[in-house]
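Right, one structure below, let's go through it.
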Amino acid sequence: MIEFKNVFVSFKQDKQIFEAVNDANFKIEKGEIFGIAGSSGAGKSTLLRTINLLQTVSSGEIFVDGENVTHYRRTQLRILRRNIGMIFQHFNLARNLTVYQNIAFVLKAAGKSKSETETRVNELLDLVNLSDKSNSYPANLSGGEKQRVAIARALANDAKILLCDEPTSALDLETTSSILSLLKDLNKKFGITIVIITHELDVIKSICTRCAVMNKGSVVEIGDVYAVFTKPREEFTRQLLSHTNHFTLPEEIISKMQGPIIRLTFKGDNANNPILSYAANTFQIGFNILLGKIEYINSLPLGILYVELIGEVDIIKLAIEYLAANTADLEVINHGL
Amino acid sequence: MDFDLKAALLLTFGQTMQMVISSLLAAIIIGGSIGLLLFLTSNTLFLKNRIINQIVGVIINITRSIPFLILLVLIIPVSKAIVHTSIGPSAVVIPLAVAAIAFFGRLSEASFSDVDNGVLEAAIASGASKLSIVLKILLPEALPSLIKNITVTAVSLIGFSAMAGTVGGGGIGDLAIRYGYQRYEPEVMFICVIVLVLLVQIFQIIGDSSAKKLDKSSK
């Protein structure tokens, strides 16, 4: 659906050349929700804008639906942009136009008649649950409502692709999840390909199927979201994840415990098996769970448990061997033996 | 008093309005277009062009740096060529318009620049033509600020038009100087000043209230 081939974007800043995008080479498949993560200034936003040519590339090529769009101009470019909707962190609705007028503008600009426009706007407002706000001005809407209007506007001309530039970064947690589930619905219902850039890793975890990680203009890692989040290949990704995945036992607790403490990681299938209770029965030892969580990334579970083992030394060793063989990862935090 | 004050006031008030309104119209149409051109040629989303932008900018700056009294005299030959006279309200309209065009050109450029660039970027991303973005997004978004700046221009024009009396332009300011100052009739001066103050107030009130009505950016 979208393909980047050797894409470079460079800016001149204070007489120095600065590579905002450095050799991007990857494909985004039709119908997927693709996330691009990275800290601010990583070039995510620049890369996203090359898709609809809001940002021209310095070299390389962009393919949309198999067509090389890199050098599209004028009419060709305008038609391309109608098929690619875009939403923004700050919604970017015209303040002096009503909700209706904001959406109607892009339909009229695409040459739709007045009656076609009217039908379509009402249809879209229905889709995003805002039929009663048709005549409101953006100032009288909440952040979530503004983003829903922006989504309706982005999809007005039957866009096949939706580009999202930090779509939830200005929203609170509750509104974020409602916007994300709306995006997920739209993806399912209409098969719209969605590209999301965000510094919020939770957004990527909750709705993306695949993702890329960017650092200083380069795509450092790309793959299945579950794989990237549970088994990052690159050091940078690990660092990025550690900022949000801060999940460790306080030192005081570790020093207070008598027995050995282990950190167990469960992934995918083995997260669903009752491994701990099986071990407890087989080896006749006690487990004292100190800290634990199970989260779902792209609907697959990832569990992390900190457990103190209580029992005889030799048996504990056997139990640790068994657990190591049956979980994704086992780390002995404190031997205590 | 050997002259009909009421008749003189009416006549000069008409002259002031003629000078202010016609030069204001020129400022809105021509100055507004220049402001738009300055904005469009400075913005990468539209027609960024440094050369055009700087040439137009320098012309505006030069015009604005000439004191109005000097501009009045400098432009006399131009007025003569256009309106075939160098005295009376219709002759002073030309220098007034030139000053107002340069003044409002800069102010309207600022009004356009104040429009949220993100809103314009979103419109560009939707595939709309630049012309329709200018007409249907940029103008409505800038309108409240444009109206405030039209008001500022109108008020300055009332002040400038009073100076226009010096080249035989007429108007209330001229009446105030000729009768009030030169003939020592302070009542005339006083009445003229009151009329001018009221005129400025009326322009300001109309401008403020219509700008407020059109601005939907706050609750």
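Naming works like this for the structure tokens: A, B, ... for the chains as they're shown, residue 1 at the start of each chain, ligands 1 onward in shown order.
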**Request:** Do a neighbour search on stretch 74-82 of chain B at 10 Å with only C-alpha atoms, toss out local chain neighbours closer than 5 positions, and write the hits as a ChimeraX atom specification.
**Result:** /B:66,68-69,87,90-96,98,167
Selected residues written out with N, CA and C atoms, as a CSV table (one decimal), in the first residue's frame:
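Output file out_34.csv follows:
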```
chain,number,residue,atom,x,y,z
B,66,ILE,N,7.8,57.4,4.9
B,66,ILE,CA,7.6,58.8,4.6
B,66,ILE,C,6.6,59.4,5.5
B,68,PHE,N,3.5,61.5,6.6
B,68,PHE,CA,2.3,61.7,5.8
B,68,PHE,C,2.3,63.1,5.1
B,69,LEU,N,2.7,64.1,5.9
B,69,LEU,CA,2.7,65.5,5.4
B,69,LEU,C,3.5,65.6,4.1
B,87,ILE,N,-6.3,70.3,-5.6
B,87,ILE,CA,-6.9,70.7,-4.4
B,87,ILE,C,-8.3,70.0,-4.2
B,90,SER,N,-11.2,65.3,-3.3
B,90,SER,CA,-10.9,64.2,-4.3
B,90,SER,C,-9.4,64.1,-4.6
B,91,ALA,N,-8.7,65.3,-4.5
B,91,ALA,CA,-7.2,65.2,-4.8
B,91,ALA,C,-6.5,64.6,-3.6
B,92,VAL,N,-6.9,64.9,-2.4
B,92,VAL,CA,-6.2,64.3,-1.2
B,92,VAL,C,-6.4,62.8,-1.0
B,93,VAL,N,-7.5,62.3,-1.7
B,93,VAL,CA,-7.8,60.9,-1.6
B,93,VAL,C,-6.6,60.1,-2.0
B,94,ILE,N,-5.9,60.6,-3.1
B,94,ILE,CA,-4.8,59.8,-3.6
B,94,ILE,C,-3.7,59.6,-2.6
B,95,PRO,N,-3.1,60.6,-2.0
B,95,PRO,CA,-2.1,60.4,-0.9
B,95,PRO,C,-2.6,59.6,0.3
B,96,LEU,N,-3.9,59.9,0.6
B,96,LEU,CA,-4.5,59.2,1.8
B,96,LEU,C,-4.5,57.7,1.5
B,98,VAL,N,-2.7,56.0,-0.7
B,98,VAL,CA,-1.4,55.4,-0.8
B,98,VAL,C,-0.9,55.1,0.6
B,167,VAL,N,-3.2,71.0,2.2
B,167,VAL,CA,-3.1,71.1,0.8
B,167,VAL,C,-4.5,71.4,0.2
```
**Asked** Could you name the residues that touch stretch 186-199 of chain B at 9 Å or less, counting only C-alpha atoms, but leaving out those on the same chain fewer than 5 positions away, as an NGL selection string?
**Response** :B and (5 or 9 or 13 or 155 or 158-159 or 172-173 or 175-181 or 204)
**Request:** Can you pull out every residue within 7 Å of A:Gln55, counting only C-alpha atoms, but drop anything in the same chain fewer than 3 positions away, and send it as a count of residues only?
**Result:** 3
**Message:** If we count only C-alpha atoms and set the cut-off at 9 Å, which residues sit around A:Glu118, ignoring sequence neighbours fewer than 4 positions away in its own chain? Please answer as a PyMOL selection string.
**Reply:** chain A and resi 100+104+113-114+122-123
Writing out the chosen residues with C-alpha atoms as a PDB file, in the first residue's frame:
```pdb
ATOM      1  CA  TYR A 100     -20.597  21.025   9.371  1.00  0.00           C
ATOM      2  CA  ALA A 104     -18.224  20.262   3.956  1.00  0.00           C
ATOM      3  CA  SER A 113     -22.528  19.108  -5.212  1.00  0.00           C
ATOM      4  CA  LYS A 114     -24.411  20.768  -2.380  1.00  0.00           C
ATOM      5  CA  ASN A 122     -24.554  13.811   7.925  1.00  0.00           C
ATOM      6  CA  GLU A 123     -23.381  10.278   7.224  1.00  0.00           C
TER       7      GLU A 123
END
```
**Message:** If the cut-off is 12 Å, can you tell me the residues of chain B near chain A, counting only C-alpha atoms? I'd like them as a ChimeraX atom specification.
**Reply:** /B:44-46,115-145,211-219
When DSSP is applied to the backbone of this structure, which of stretch 2-166 of chain A are assigned strand (DSSP E or B)? Write them out as a JSON list (two decimals) with C-alpha atoms, in the first residue's frame.
```json
[["chain", "number", "residue", "atom", "x", "y", "z"],
["A", 2, "ILE", "CA", 2.69, 2.48, 1.04],
["A", 3, "GLU", "CA", 6.33, 1.90, 0.29],
["A", 4, "PHE", "CA", 9.41, 3.96, 1.13],
["A", 5, "LYS", "CA", 12.43, 3.35, -1.08],
["A", 6, "ASN", "CA", 15.72, 4.96, 0.01],
["A", 7, "VAL", "CA", 13.87, 8.00, 1.30],
["A", 8, "PHE", "CA", 16.02, 10.86, 2.58],
["A", 9, "VAL", "CA", 14.81, 14.23, 3.80],
["A", 10, "SER", "CA", 17.47, 16.75, 4.66],
["A", 11, "PHE", "CA", 17.15, 20.28, 5.98],
["A", 12, "LYS", "CA", 19.68, 23.01, 6.09],
["A", 13, "GLN", "CA", 19.90, 24.40, 9.58],
["A", 16, "GLN", "CA", 24.56, 22.49, 8.59],
["A", 17, "ILE", "CA", 22.82, 19.70, 6.76],
["A", 18, "PHE", "CA", 20.53, 17.81, 9.03],
["A", 19, "GLU", "CA", 19.04, 14.47, 7.98],
["A", 20, "ALA", "CA", 15.47, 14.43, 9.28],
["A", 21, "VAL", "CA", 14.84, 11.14, 7.51],
["A", 22, "ASN", "CA", 17.81, 8.94, 6.78],
["A", 23, "ASP", "CA", 17.29, 6.17, 4.23],
["A", 24, "ALA", "CA", 13.82, 4.91, 5.06],
["A", 25, "ASN", "CA", 13.11, 1.57, 3.39],
["A", 26, "PHE", "CA", 9.96, -0.27, 4.31],
["A", 27, "LYS", "CA", 6.45, -1.19, 3.32],
["A", 28, "ILE", "CA", 3.14, -0.62, 5.04],
["A", 33, "ILE", "CA", -2.55, -0.28, 11.55],
["A", 34, "PHE", "CA", 1.10, 0.67, 11.45],
["A", 35, "GLY", "CA", 2.78, 2.58, 14.25],
["A", 36, "ILE", "CA", 5.93, 4.67, 14.11],
["A", 37, "ALA", "CA", 7.47, 5.23, 17.54],
["A", 59, "SER", "CA", 15.95, 11.75, -2.60],
["A", 60, "GLY", "CA", 14.27, 8.38, -2.81],
["A", 61, "GLU", "CA", 10.80, 7.34, -3.82],
["A", 62, "ILE", "CA", 7.38, 6.97, -2.26],
["A", 63, "PHE", "CA", 4.90, 4.45, -3.65],
["A", 64, "VAL", "CA", 1.22, 4.54, -2.80],
["A", 67, "GLU", "CA", 2.18, 4.14, -7.99],
["A", 68, "ASN", "CA", 5.30, 6.20, -7.68],
["A", 84, "ILE", "CA", -5.16, 10.07, 2.08],
["A", 85, "GLY", "CA", -6.84, 11.54, 5.14],
["A", 86, "MET", "CA", -4.80, 13.12, 7.89],
["A", 87, "ILE", "CA", -5.43, 13.97, 11.53],
["A", 161, "ILE", "CA", -5.28, 5.70, 4.05],
["A", 162, "LEU", "CA", -5.43, 7.66, 7.29],
["A", 163, "LEU", "CA", -2.28, 9.37, 8.54],
["A", 164, "CYS", "CA", -2.32, 10.18, 12.25],
["A", 165, "ASP", "CA", 0.20, 12.68, 13.62]]
```
